[in-house]
Each structure stands twice: as structure tokens, then as C-alpha cells.
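Input: a single structure, listed below in C-alpha cells.
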Protein chains: 2
Amino acid sequence: MSVATAPPAFEDVVDAAGRLAGHAVHTPLISASALDEACGGRVLVKAESLQRTGSFKFRGALNRISRLTSDERQRGVVAFSSGNHAQGVAAAARLVGCPAVIVMPADAPRLKIEATRARGAEVVLYDRYGQSREAIAAAIAADRQAVTVKPFDDPLVIAGQGTVGLEACAQAAEAGAVADVLLCPASGGGLIAGVSLAVERLSPETLIFAVEPKGFDDTARSLAAGERVSAPQDGRSLCDALLTTTPGEITFAINRRTLAGGLVVSDDEALAAMGFAFRHLKIVIEPGGAVALAALLSGKLKLGGRTALVVASGGNVDPDVFLKAIG
Amino acid sequence: MSVATAPPAFEDVVDAAGRLAGHAVHTPLISASALDEACGGRVLVKAESLQRTGSFKFRGALNRISRLTSDERQRGVVAFSSGNHAQGVAAAARLVGCPAVIVMPADAPRLKIEATRARGAEVVLYDRYGQSREAIAAAIAADRQAVTVKPFDDPLVIAGQGTVGLEACAQAAEAGAVADVLLCPASGGGLIAGVSLAVERLSPETLIFAVEPKGFDDTARSLAAGERVSAPQDGRSLCDALLTTTPGEITFAINRRTLAGGLVVSDDEALAAMGFAFRHLKIVIEPGGAVALAALLSGKLKLGGRTALVVASGGNVDPDVFLKAIG
């Protein structure tokens with residue numbers, strides 16, 4: 001077996017960084033005086049929307065796929081996702097020359113389906129209302145003896161996402177900044193778990209906060225409860241990348257140790273943050289990618305002159321949603 | 001006198017880089033497989049829209065202003081501009097603690113006037129149709145014994161903009177790329193003149209092309225004529241950053257030696273390039289900043305598998321124009 005089973009540690013993030021070198025983009029840490037003024041402190045934005053495939057997902061997918069045995073690589077991988085994970089897996093699989101099947105809802109935005117196909121993946125569509133994507137993916141995995149690349153609850157995926165934190169800590173140090181807080185979007189919790197492994201070691205004084213959209217605040221609830229609990233399944237949000245309603249097992253085992261707490265923002269606050277980023281940072285952020293920035297801009301966390309690292313996790317947004325943010 | 005009078009050389013660009021270190025952003029060189037496919041080669045985009053103040057103008061302004069004597073610094077600087085140069089001068093002046101007066105047309109976008117004021121500059125408005133901004137700026141300069149920071153035809157300004165080229169050459173080498181061509185927007189020609197000083201030395205095999213909007217192709221005409229000629233003054237363009245109709249004297253003396261030629265794109269082609277950058281690069285580019293990318297995407301220059309460096313020079317665009325690009 002090539003699959004790691006122990007929960008990931010800092011060393012696994014460092015190892016992932018080595019595997020991603022030359023493949024993943026070392027995304028910039030962006031700042032702007034207007035942002036500092038609006039947030040009442042110094043703010044450094046890790047722009048993962050500039051990552052290959054438009055989100056951080058490529059990092060975890062490549063770290064997982066690069067560990068496949070040559071047999072596994074030949075048989076290929078399977079994943080289910082309607083968005084960023086799909087593109088991350090497709091791009092990583094193509095890079096190592098491994099077939100990829102992505103199970104996507106038939107009513108996913110055509111743009112995302114096309115983008116996934118354009119990256120060389122085979123797309124299997126399913127009916128979101130009548131079929132279980134997990135069952136379809138499991139059947140494909142069994143049929144082809146393919147490895148399933150999970151979106152977050154996998155040690156290698158978490159370690160790959162953690163390279164965002166490694167880079168951000170190094171870049172902040174280069175800029176002469178010591179982060180008092182770090183804010184990062186959370187859905188299943190893979191990104192923030194990986195990032196927190198890096199920050200816990202490299203910047204132990206930094207308080208780490210998960211940020212989620214209203215209605216999908218399972219990580220905030222779970223942190224408060226001290227155990228994994230679900231958000232009520234009746235929410236709706238523009239933040240299509242953050243719709244998971246229960247934290248992962250492996251991710252939460254890390255996050256309950258490393259996180260200071262969870263913050264929640266509304267769709268309107270996410271849109272306002274996207275508009276701010278358009279005007280002042282000149283980067284495109286999708287709603288789910290903007291929630292951490294939104295938490296600062298909307299005053300959910302007041303900096304009071306302190307320094308914040310903020311992860312902007314992705315930029316795959318349709319024009320009609322972007323128009324709402326800047327119009 | 002603290003003002004350089006000789007035309008700038010490569011060494012002046014290197015000197016400028018030292019002065020800008022820690023102040024100007026080392027902007028990223030961005031790539032995307034979709035861009036490579038669309039252009040039929042390898043394309044690396046130098047994202048100067050991520051520069052402080054949203055455009056490259058901060059570089060030249062700071063290089064100029066950092067050479068003021070302490071007397072000059074106390075008396076302050078004056079500049080005229082309706083856009084990027086205004087913000088670049090305002091931010092650079094504030095950084096060194098020097099008063100700045102910016103002469104702007106009374107009908108300039110309120111957003112740009114406010115942004116210039118927000119950077120601490122005094123804004124003097126004039127009537128675009130009844131008054132000469134040059135005369136107003138000259139009167140202010142005489143009255144306050146202030147130094148005028150020219151938008152392009154100044155050796156220190158050109159050398160400052162050239163740091164874009166220094167960085168791009170180093171970043172391309174890091175990425176293992178040798179640029180066969182470089183495309184850069186041109187208006188007065190300061191940016192491309194500075195960039196070409198760096199490229200001429202560090203990557204002499206690279207052919208350098210100026211790109212201009214239709215109706216404002218004075219650099220292309222002048223290169224063809226072998227001397228400075230003006231574009232007909234009857235054009236209109238969305239590319240508000242590129243509306244100069246005659247090349248600078250100092251800039252053209254460099255550009256006639258260093259450039260291979262000039263390319264011209266339409267407003268629609270610039271808008272399409274902005275939309276492409278939104279979808280695939282996740283950065284915001286303004287119309288004038290997008291013309292070099294537009295030249296490749298519209299096939300004005302066919303790469304045929306070769307490698308291109310492209311300068312995206314700014315991202316200060318109003319929402320209504322951006323909507324046209326992505327809508």
C-alpha cells in the first residue's frame with residue numbers, strides 16, 4: 001500500500017512541498033494599504049486563486065497522486081466533485097500521466113464540466129437528485145481498481161494543502177511580519193488542517209480561525225462542542241466550494257487541537273469581499289474563497305492594529321456571480 | 001541638481017531595483033495551460049496589476065522621487081494625470097514624506113480622484129476643455145518650486161519602469177524559459193523603454209514588440225517611419241491608460257534601437273483578453289493593461305510553439321468596463 005494511514009504531521013507537509021516543487025505555483029502574498037486601513041491592521045493575503053486550476057485543490061491532489069504505485073497509476077484515479085477538487089485531480093493526474101474519472105452532477109455549470117474535460121479527465125455525469133455520487137464513484141473504483149482521491153479526509157491531501165501554510169509563513173517572515181492571527185476558509189477542513197500544521201510549528205504565536213458561510217458552520221459548531229457535529233442541512237449559500245456540513249474525521253482531529261475558533265460570514269459579506277479584492281487587490285476570488293477576507297472586512301474579527309494572514313482559497317467563479325460582487 | 005540628464009542605461013535599471021527593493025512589489029509571473037493552448041506556445045504574464053497602486057507607475061515615480069534632494073523633498077512634487085501615474089506619484093511621495101500635487105481633469109472618474117486623495121496627495125482639478133494641464137502644473141511647480149514628475153520622458157522614470165523587465169527576465173530564467181518574444185503595452189513608451197533596457201542585456205535573443213490600441217499607434221508608426229510621428233488625433237479608445245499620441249523623445253531614442261516592431265489591437269480584443277484573464281488567470285487587468293495579452297490571443301503575433309513574455313501593466317478598471325469584458 002502506498003497510502004499513508006497515520007494522521008499527517010508537520011514533516012508530511014514539508015515532504016509534500018518537495019513533491020510539489022516545480023509543479024504547484026508558489027502563490028504570492030498580496031497586500032494593499034486600502035486593505036490595511038479597512039481592516040484596522042496589517043493584512044497579508046495568500047492568493048491561492050492564482051494556483052494552477054484556480055484553487056489550492058491542485059496541491060493536495062498532486063501530493064496524493066504522486067504517491068501512487070506504478071500499478072495504481074496505470075489503473076487510474078476517481079474522484080467526485082462539482083468544482084475545484086475535480087479540476088485539481090484532473091490536472092494532477094494528467095501531470096503524472098494517470099487516467100482520471102471525475103463524477104460530476106449533470107447540472108453542474110457547463111463551464112466546470114468543460115474545464116475538467118479540457119484537463120484530460122473522463123467526466124461521468126450523475127443525477128444529483130436520483131443517484132448517489134459516492135456509490136457511482138465506488139462502483140467505478142471497484143470496476144477499474146482505481147484509487148479514490150478524497151477531497152479532504154486523507155492524510156496526503158491534507159499535507160499537500162498544508163504547503164499553503166508553509167509558503168505563507170516563509171513569505172510573511174520575508175516581509176518582516178509576524179502574524180497574530182490566520183484566517184482560512186473551511187469546508188471539510190482539509191486546507192485549514194494542513195495550513196495549521198505548518199503554522200503551529202513555524203508561527204506558534206499565531207491564533208488560527210476557520211471561516212465558514214452561514215448555514216454551513218459545522219467546523220465552528222464542532223469546535224465549540226469539542227466533537228464533530230453537523231450543521232443543519234437546510235442552508236443555501238453562494239459559496240459553492242464550502243457546502244460540506246460535517247467536518248472530516250482526520251481533519252477535525254487536527255483542527256480541534258490547532259484552531260482557536262470558527263467565524264461565520266453571510267453571502268453578502270463574501271460578495272463584498274470579492275468586490276474589495278477586485279478594486280484594491282486586482283485578483284479574482286470566488287465566494288467560498290473570499291470568506292476569510294470577508295470575516296476581517298465585516299469586522300467579525302477586529303485586528304486593532306495587529307497582523308493577519310488570510311487565505312483566499314480559490315477564484316473559479318462564474319461571471320454572473322462576479323457581477324453581483326462588483327456591480 | 002539631482003536629476004539625471006543622460007539617457008538611461010541598463011545600470012540605471014539595476015540601480016532603480018535597489019532603490020525600489022522592499023517598497024515595490026516583486027509581481028508574479030503567471031502562467032496557465034489554457035493560455036498556452038489559446039496562444040499556441042508558452043506564455044508568461046508579468047502581472048503588474050498586482051503592483052502597489054494597481055499599476056507599474058509606482059516604480060518609476062518612486063525611483064524619481066527617491067532622488068530628490070532634501071530641499072526638493074520639502075517643497076514637494078507636482079504631476080498631471082487622470083489615472084495610474086497620479087496614484088503612483090501620490091503613493092511614492094507619501095512613502096518618502098514629500099507633499100504631492102496632482103493636476104487632474106474635473107471630469108475624471110470620481111473613484112480615481114478619491115483614490116489619489118486617499119494616498120495623501122492634494123488634487124487640483126482643471127477643466128479639460130478650457131484649461132491646459134501643462135500650464136497649470138507649470139504654474140504650481142513655479143509657485144512652490146516643486147519638481148514635476150513626468151509620466152514617461154524622464155531617465156529616472158524609465159529606469160524605474162525597467163525593473164519590471166529585470167524581474168521578468170529573472171523569473172523566466174527561474175521557470176526554465178527563454179523568451180523568444182516580449183510584448184508590452186506602449187503609450188508614451190516609458191515602460192517598454194525601461195523593460196527593453198533590461199531585456200536587451202539579459203535576454204538579447206528576445207524580440208520586443210510594443211502593443212497599442214487602435215487609433216493610438218504612434219509608437220508603431222514611429223518605428224516604421226524611423227522617427228517620431230504622431231497618430232491622428234481623432235481616435236477614441238477604452239484603453240484610457242494608453243492615449244498618448246506621440247512617443248517621448250528619450251523613450252523613442254531607446255525604443256527605436258531596442259524594439260522589433262509595433263502591434264495594434266482593437267478595444268474588443270482588449271476586452272476579450274481581460275475576460276480571458278478573469279476566467280483563466282484570475283487577475284484583474286484594465287483595458288490598456290491587456291493589450292499585449294490581446295495581441296497574442298487575437299493572433300496578431302503567432303507563437304508557433306515559441307515562448308512569450310507578456311506585460312499586463314495595470315488593473316485600475318471601473319466595474320462597468322469590467323462587466324463588458326466578462327459579461
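Within each chain, counting starts at residue 1; across the C-alpha cells, chains are named A, B, ... in the order shown, with ligands numbered 1 upward in that order.
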
Find the residues near B:Gly235: any atom within 12 Å, counting only C-alpha atoms, skip ones fewer than 6 places away on the same chain, and give them as an NGL selection string. :B and (213-218 or 242-245 or 266-267)

Residues of chain A within 7 Å of chain B, only C-alpha atoms counted, as a VMD selection string: chain A and resid 28 32 49 to 50 52 278 281 to 284 315 319 323 326 to 327

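Residues with any atom within 10 Å of stretch 128-130 of chain B, counting only C-alpha atoms and excluding same-chain neighbours fewer than 3 positions away, are Met104, Pro105, Ala106, Asp107, Ala108, Leu125 and Arg133 of chain B.
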
All residues 8 Å or closer to A:Ile192, only C-alpha atoms, same chain fewer than 6 positions away omitted, as a ChimeraX atom specification: /A:161-162,184-186,210,255

Store the residues of this selection in a file with N, CA, C and O atoms, as a PDB file, in the first residue's frame.
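Saved the output as again02.pdb:
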ATOM      1  N   GLN A 161      -2.241  20.312   1.011  1.00  0.00           N
ATOM      2  CA  GLN A 161      -2.848  21.648   1.229  1.00  0.00           C
ATOM      3  C   GLN A 161      -2.005  22.456   2.215  1.00  0.00           C
ATOM      4  O   GLN A 161      -1.947  23.693   2.146  1.00  0.00           O
ATOM      5  N   GLY A 162      -1.350  21.742   3.123  1.00  0.00           N
ATOM      6  CA  GLY A 162      -0.551  22.428   4.133  1.00  0.00           C
ATOM      7  C   GLY A 162       0.598  23.244   3.568  1.00  0.00           C
ATOM      8  O   GLY A 162       1.105  24.162   4.224  1.00  0.00           O
ATOM      9  N   CYS A 184      -8.755  31.302   7.563  1.00  0.00           N
ATOM     10  CA  CYS A 184      -8.734  30.410   6.398  1.00  0.00           C
ATOM     11  C   CYS A 184     -10.129  29.824   6.204  1.00  0.00           C
ATOM     12  O   CYS A 184     -10.779  29.425   7.174  1.00  0.00           O
ATOM     13  N   PRO A 185     -10.612  29.768   4.958  1.00  0.00           N
ATOM     14  CA  PRO A 185     -11.909  29.136   4.710  1.00  0.00           C
ATOM     15  C   PRO A 185     -11.885  27.656   5.117  1.00  0.00           C
ATOM     16  O   PRO A 185     -10.847  27.008   5.030  1.00  0.00           O
ATOM     17  N   ALA A 186     -13.038  27.172   5.555  1.00  0.00           N
ATOM     18  CA  ALA A 186     -13.147  25.756   5.909  1.00  0.00           C
ATOM     19  C   ALA A 186     -14.430  25.164   5.339  1.00  0.00           C
ATOM     20  O   ALA A 186     -15.485  25.795   5.370  1.00  0.00           O
ATOM     21  N   ALA A 210     -11.002  29.269  11.614  1.00  0.00           N
ATOM     22  CA  ALA A 210     -11.732  28.795  10.436  1.00  0.00           C
ATOM     23  C   ALA A 210     -12.831  29.791  10.127  1.00  0.00           C
ATOM     24  O   ALA A 210     -13.427  30.364  11.036  1.00  0.00           O
ATOM     25  N   ASN A 255      -7.797  19.848  13.624  1.00  0.00           N
ATOM     26  CA  ASN A 255      -8.334  21.196  13.835  1.00  0.00           C
ATOM     27  C   ASN A 255      -8.764  21.452  15.277  1.00  0.00           C
ATOM     28  O   ASN A 255      -8.656  22.576  15.770  1.00  0.00           O
TER      29      ASN A 255
END

Go through stretch 121-259 of chain A and collect every residue that DSSP, computed from the backbone, puts in strand (DSSP E or B); the answer should be as a VMD selection string. chain A and resid 122 to 126 147 to 148 181 to 185 207 to 213

Keeping only N, CA, C and O atoms, take the residues you just selected and write them out as an mmCIF file, in the first residue's frame.
data_model
loop_
_atom_site.group_PDB
_atom_site.id
_atom_site.type_symbol
_atom_site.label_atom_id
_atom_site.label_comp_id
_atom_site.auth_asym_id
_atom_site.auth_seq_id
_atom_site.Cartn_x
_atom_site.Cartn_y
_atom_site.Cartn_z
ATOM 1 N N GLU A 122 -11.880 11.963 -17.732
ATOM 2 C CA GLU A 122 -13.152 11.433 -18.197
ATOM 3 C C GLU A 122 -14.210 11.881 -17.193
ATOM 4 O O GLU A 122 -14.056 11.674 -15.997
ATOM 5 N N VAL A 123 -15.259 12.512 -17.676
ATOM 6 C CA VAL A 123 -16.297 13.006 -16.774
ATOM 7 C C VAL A 123 -17.508 12.081 -16.838
ATOM 8 O O VAL A 123 -18.017 11.787 -17.914
ATOM 9 N N VAL A 124 -17.936 11.559 -15.683
ATOM 10 C CA VAL A 124 -19.152 10.756 -15.595
ATOM 11 C C VAL A 124 -20.210 11.597 -14.888
ATOM 12 O O VAL A 124 -20.004 12.029 -13.754
ATOM 13 N N LEU A 125 -21.300 11.841 -15.592
ATOM 14 C CA LEU A 125 -22.350 12.684 -15.012
ATOM 15 C C LEU A 125 -23.367 11.835 -14.269
ATOM 16 O O LEU A 125 -23.644 10.699 -14.646
ATOM 17 N N TYR A 126 -23.923 12.377 -13.201
ATOM 18 C CA TYR A 126 -24.965 11.662 -12.466
ATOM 19 C C TYR A 126 -26.095 12.624 -12.133
ATOM 20 O O TYR A 126 -25.916 13.847 -12.172
ATOM 21 N N VAL A 147 -7.943 4.133 -7.610
ATOM 22 C CA VAL A 147 -7.814 4.742 -6.281
ATOM 23 C C VAL A 147 -8.715 5.977 -6.203
ATOM 24 O O VAL A 147 -8.700 6.816 -7.113
ATOM 25 N N THR A 148 -9.493 6.069 -5.156
ATOM 26 C CA THR A 148 -10.328 7.252 -4.963
ATOM 27 C C THR A 148 -9.505 8.359 -4.291
ATOM 28 O O THR A 148 -8.868 8.130 -3.265
ATOM 29 N N VAL A 181 -2.876 36.573 13.854
ATOM 30 C CA VAL A 181 -3.972 35.653 13.539
ATOM 31 C C VAL A 181 -3.843 35.174 12.099
ATOM 32 O O VAL A 181 -3.245 35.842 11.251
ATOM 33 N N LEU A 182 -4.406 33.999 11.842
ATOM 34 C CA LEU A 182 -4.545 33.496 10.478
ATOM 35 C C LEU A 182 -5.999 33.100 10.296
ATOM 36 O O LEU A 182 -6.588 32.449 11.160
ATOM 37 N N LEU A 183 -6.586 33.540 9.168
ATOM 38 C CA LEU A 183 -7.970 33.190 8.865
ATOM 39 C C LEU A 183 -7.998 32.400 7.565
ATOM 40 O O LEU A 183 -7.346 32.791 6.578
ATOM 41 N N CYS A 184 -8.755 31.302 7.563
ATOM 42 C CA CYS A 184 -8.734 30.410 6.398
ATOM 43 C C CYS A 184 -10.129 29.824 6.204
ATOM 44 O O CYS A 184 -10.779 29.425 7.174
ATOM 45 N N PRO A 185 -10.612 29.768 4.958
ATOM 46 C CA PRO A 185 -11.909 29.136 4.710
ATOM 47 C C PRO A 185 -11.885 27.656 5.117
ATOM 48 O O PRO A 185 -10.847 27.008 5.030
ATOM 49 N N LEU A 207 -2.849 32.799 16.263
ATOM 50 C CA LEU A 207 -4.162 32.187 16.503
ATOM 51 C C LEU A 207 -4.817 31.894 15.159
ATOM 52 O O LEU A 207 -4.880 32.762 14.287
ATOM 53 N N ILE A 208 -5.337 30.685 15.001
ATOM 54 C CA ILE A 208 -5.886 30.265 13.712
ATOM 55 C C ILE A 208 -7.406 30.152 13.803
ATOM 56 O O ILE A 208 -7.938 29.493 14.692
ATOM 57 N N PHE A 209 -8.092 30.802 12.855
ATOM 58 C CA PHE A 209 -9.556 30.778 12.818
ATOM 59 C C PHE A 209 -10.061 30.188 11.504
ATOM 60 O O PHE A 209 -9.608 30.586 10.421
ATOM 61 N N ALA A 210 -11.002 29.269 11.614
ATOM 62 C CA ALA A 210 -11.732 28.795 10.436
ATOM 63 C C ALA A 210 -12.831 29.791 10.127
ATOM 64 O O ALA A 210 -13.427 30.364 11.036
ATOM 65 N N VAL A 211 -13.090 30.004 8.820
ATOM 66 C CA VAL A 211 -14.214 30.858 8.435
ATOM 67 C C VAL A 211 -15.128 30.073 7.501
ATOM 68 O O VAL A 211 -14.665 29.440 6.544
ATOM 69 N N GLU A 212 -16.412 30.120 7.794
ATOM 70 C CA GLU A 212 -17.406 29.367 7.020
ATOM 71 C C GLU A 212 -18.583 30.257 6.636
ATOM 72 O O GLU A 212 -18.829 31.274 7.271
ATOM 73 N N PRO A 213 -19.336 29.840 5.611
ATOM 74 C CA PRO A 213 -20.537 30.607 5.257
ATOM 75 C C PRO A 213 -21.687 30.221 6.190
ATOM 76 O O PRO A 213 -21.754 29.095 6.676
#

Shell of 12 Å around B:Ala224, only C-alpha atoms, local chain residues under 4 positions omitted, as a ChimeraX atom specification: /B:217-220,228-230,255-256,259-263

Excluding B:Ala38 and residues on its chain fewer than 5 positions from it, collect all residues at most 10 Å away from it, counting only C-alpha atoms, and give them as a PDB file with all heavy atoms, in the first residue's frame.
ATOM      1  N   ALA B  32      -0.730  29.656 -17.376  1.00  0.00           N
ATOM      2  CA  ALA B  32      -1.899  28.777 -17.317  1.00  0.00           C
ATOM      3  C   ALA B  32      -1.917  27.945 -18.587  1.00  0.00           C
ATOM      4  O   ALA B  32      -1.651  28.462 -19.670  1.00  0.00           O
ATOM      5  CB  ALA B  32      -3.189  29.592 -17.193  1.00  0.00           C
ATOM      6  N   SER B  33      -2.245  26.674 -18.437  1.00  0.00           N
ATOM      7  CA  SER B  33      -2.240  25.797 -19.611  1.00  0.00           C
ATOM      8  C   SER B  33      -3.253  26.288 -20.646  1.00  0.00           C
ATOM      9  O   SER B  33      -2.997  26.202 -21.857  1.00  0.00           O
ATOM     10  CB  SER B  33      -2.512  24.345 -19.201  1.00  0.00           C
ATOM     11  OG  SER B  33      -3.686  24.268 -18.418  1.00  0.00           O
ATOM     12  N   VAL B  43       3.343  30.980 -22.585  1.00  0.00           N
ATOM     13  CA  VAL B  43       3.126  32.398 -22.301  1.00  0.00           C
ATOM     14  C   VAL B  43       3.284  32.656 -20.800  1.00  0.00           C
ATOM     15  O   VAL B  43       2.695  31.957 -19.971  1.00  0.00           O
ATOM     16  CB  VAL B  43       1.719  32.847 -22.759  1.00  0.00           C
ATOM     17  CG1 VAL B  43       1.533  34.341 -22.495  1.00  0.00           C
ATOM     18  CG2 VAL B  43       1.519  32.539 -24.241  1.00  0.00           C
ATOM     19  N   PHE B 276     -10.519  36.772 -20.681  1.00  0.00           N
ATOM     20  CA  PHE B 276      -9.689  35.563 -20.603  1.00  0.00           C
ATOM     21  C   PHE B 276      -8.898  35.548 -19.297  1.00  0.00           C
ATOM     22  O   PHE B 276      -8.796  34.523 -18.615  1.00  0.00           O
ATOM     23  CB  PHE B 276      -8.736  35.513 -21.802  1.00  0.00           C
ATOM     24  CG  PHE B 276      -8.042  34.182 -21.952  1.00  0.00           C
ATOM     25  CD1 PHE B 276      -8.528  33.220 -22.821  1.00  0.00           C
ATOM     26  CD2 PHE B 276      -6.907  33.886 -21.201  1.00  0.00           C
ATOM     27  CE1 PHE B 276      -7.904  31.982 -22.946  1.00  0.00           C
ATOM     28  CE2 PHE B 276      -6.269  32.658 -21.315  1.00  0.00           C
ATOM     29  CZ  PHE B 276      -6.773  31.706 -22.192  1.00  0.00           C
ATOM     30  N   LEU B 296      -1.555  38.575 -28.498  1.00  0.00           N
ATOM     31  CA  LEU B 296      -1.319  37.133 -28.647  1.00  0.00           C
ATOM     32  C   LEU B 296      -2.630  36.384 -28.850  1.00  0.00           C
ATOM     33  O   LEU B 296      -2.751  35.541 -29.748  1.00  0.00           O
ATOM     34  CB  LEU B 296      -0.616  36.571 -27.409  1.00  0.00           C
ATOM     35  CG  LEU B 296       0.882  36.832 -27.276  1.00  0.00           C
ATOM     36  CD1 LEU B 296       1.416  36.110 -26.050  1.00  0.00           C
ATOM     37  CD2 LEU B 296       1.632  36.377 -28.529  1.00  0.00           C
ATOM     38  N   LEU B 297      -3.611  36.679 -28.007  1.00  0.00           N
ATOM     39  CA  LEU B 297      -4.873  35.931 -28.051  1.00  0.00           C
ATOM     40  C   LEU B 297      -5.620  36.153 -29.359  1.00  0.00           C
ATOM     41  O   LEU B 297      -6.350  35.281 -29.825  1.00  0.00           O
ATOM     42  CB  LEU B 297      -5.762  36.323 -26.863  1.00  0.00           C
ATOM     43  CG  LEU B 297      -5.344  35.745 -25.510  1.00  0.00           C
ATOM     44  CD1 LEU B 297      -6.103  36.425 -24.373  1.00  0.00           C
ATOM     45  CD2 LEU B 297      -5.566  34.229 -25.466  1.00  0.00           C
ATOM     46  N   SER B 298      -5.437  37.326 -29.954  1.00  0.00           N
ATOM     47  CA  SER B 298      -6.141  37.619 -31.207  1.00  0.00           C
ATOM     48  C   SER B 298      -5.300  37.239 -32.426  1.00  0.00           C
ATOM     49  O   SER B 298      -5.702  37.479 -33.561  1.00  0.00           O
ATOM     50  CB  SER B 298      -6.503  39.107 -31.266  1.00  0.00           C
ATOM     51  OG  SER B 298      -5.329  39.903 -31.321  1.00  0.00           O
ATOM     52  N   GLY B 299      -4.141  36.663 -32.173  1.00  0.00           N
ATOM     53  CA  GLY B 299      -3.339  36.164 -33.289  1.00  0.00           C
ATOM     54  C   GLY B 299      -2.574  37.228 -34.046  1.00  0.00           C
ATOM     55  O   GLY B 299      -2.115  36.991 -35.164  1.00  0.00           O
TER      56      GLY B 299
END

Could you name the residues that touch B:Val164 at 10 Å or less, counting only C-alpha atoms, but leaving out those on the same chain fewer than 4 positions away, as number ranges by chain? B: 13, 17, 26-27, 46-48, 56, 59, 159-160, 168-169, 191-192, 194-196, 198-199, 311, 313

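In terms of minimum interatomic distance to B:Glu114, B:Ala86 ranks closest within B:Ala139, B:Val45, B:Ala86, B:Ala270, counting only C-alpha atoms.
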
Hey, what does DSSP flag as helix (DSSP H, G or I) within stretch 106-289 of chain B? Can you give it to me as a VMD selection string? chain B and resid 110 to 118 133 to 144 155 to 174 190 to 202 218 to 225 240 to 242 249 to 258 267 to 281 288 to 289

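Of the residues listed (B:Asp240, B:Glu167, B:Glu249, B:Asp153), B:Asp240 shows the shortest atom-to-atom separation from B:Val291; distances use only C-alpha atoms.
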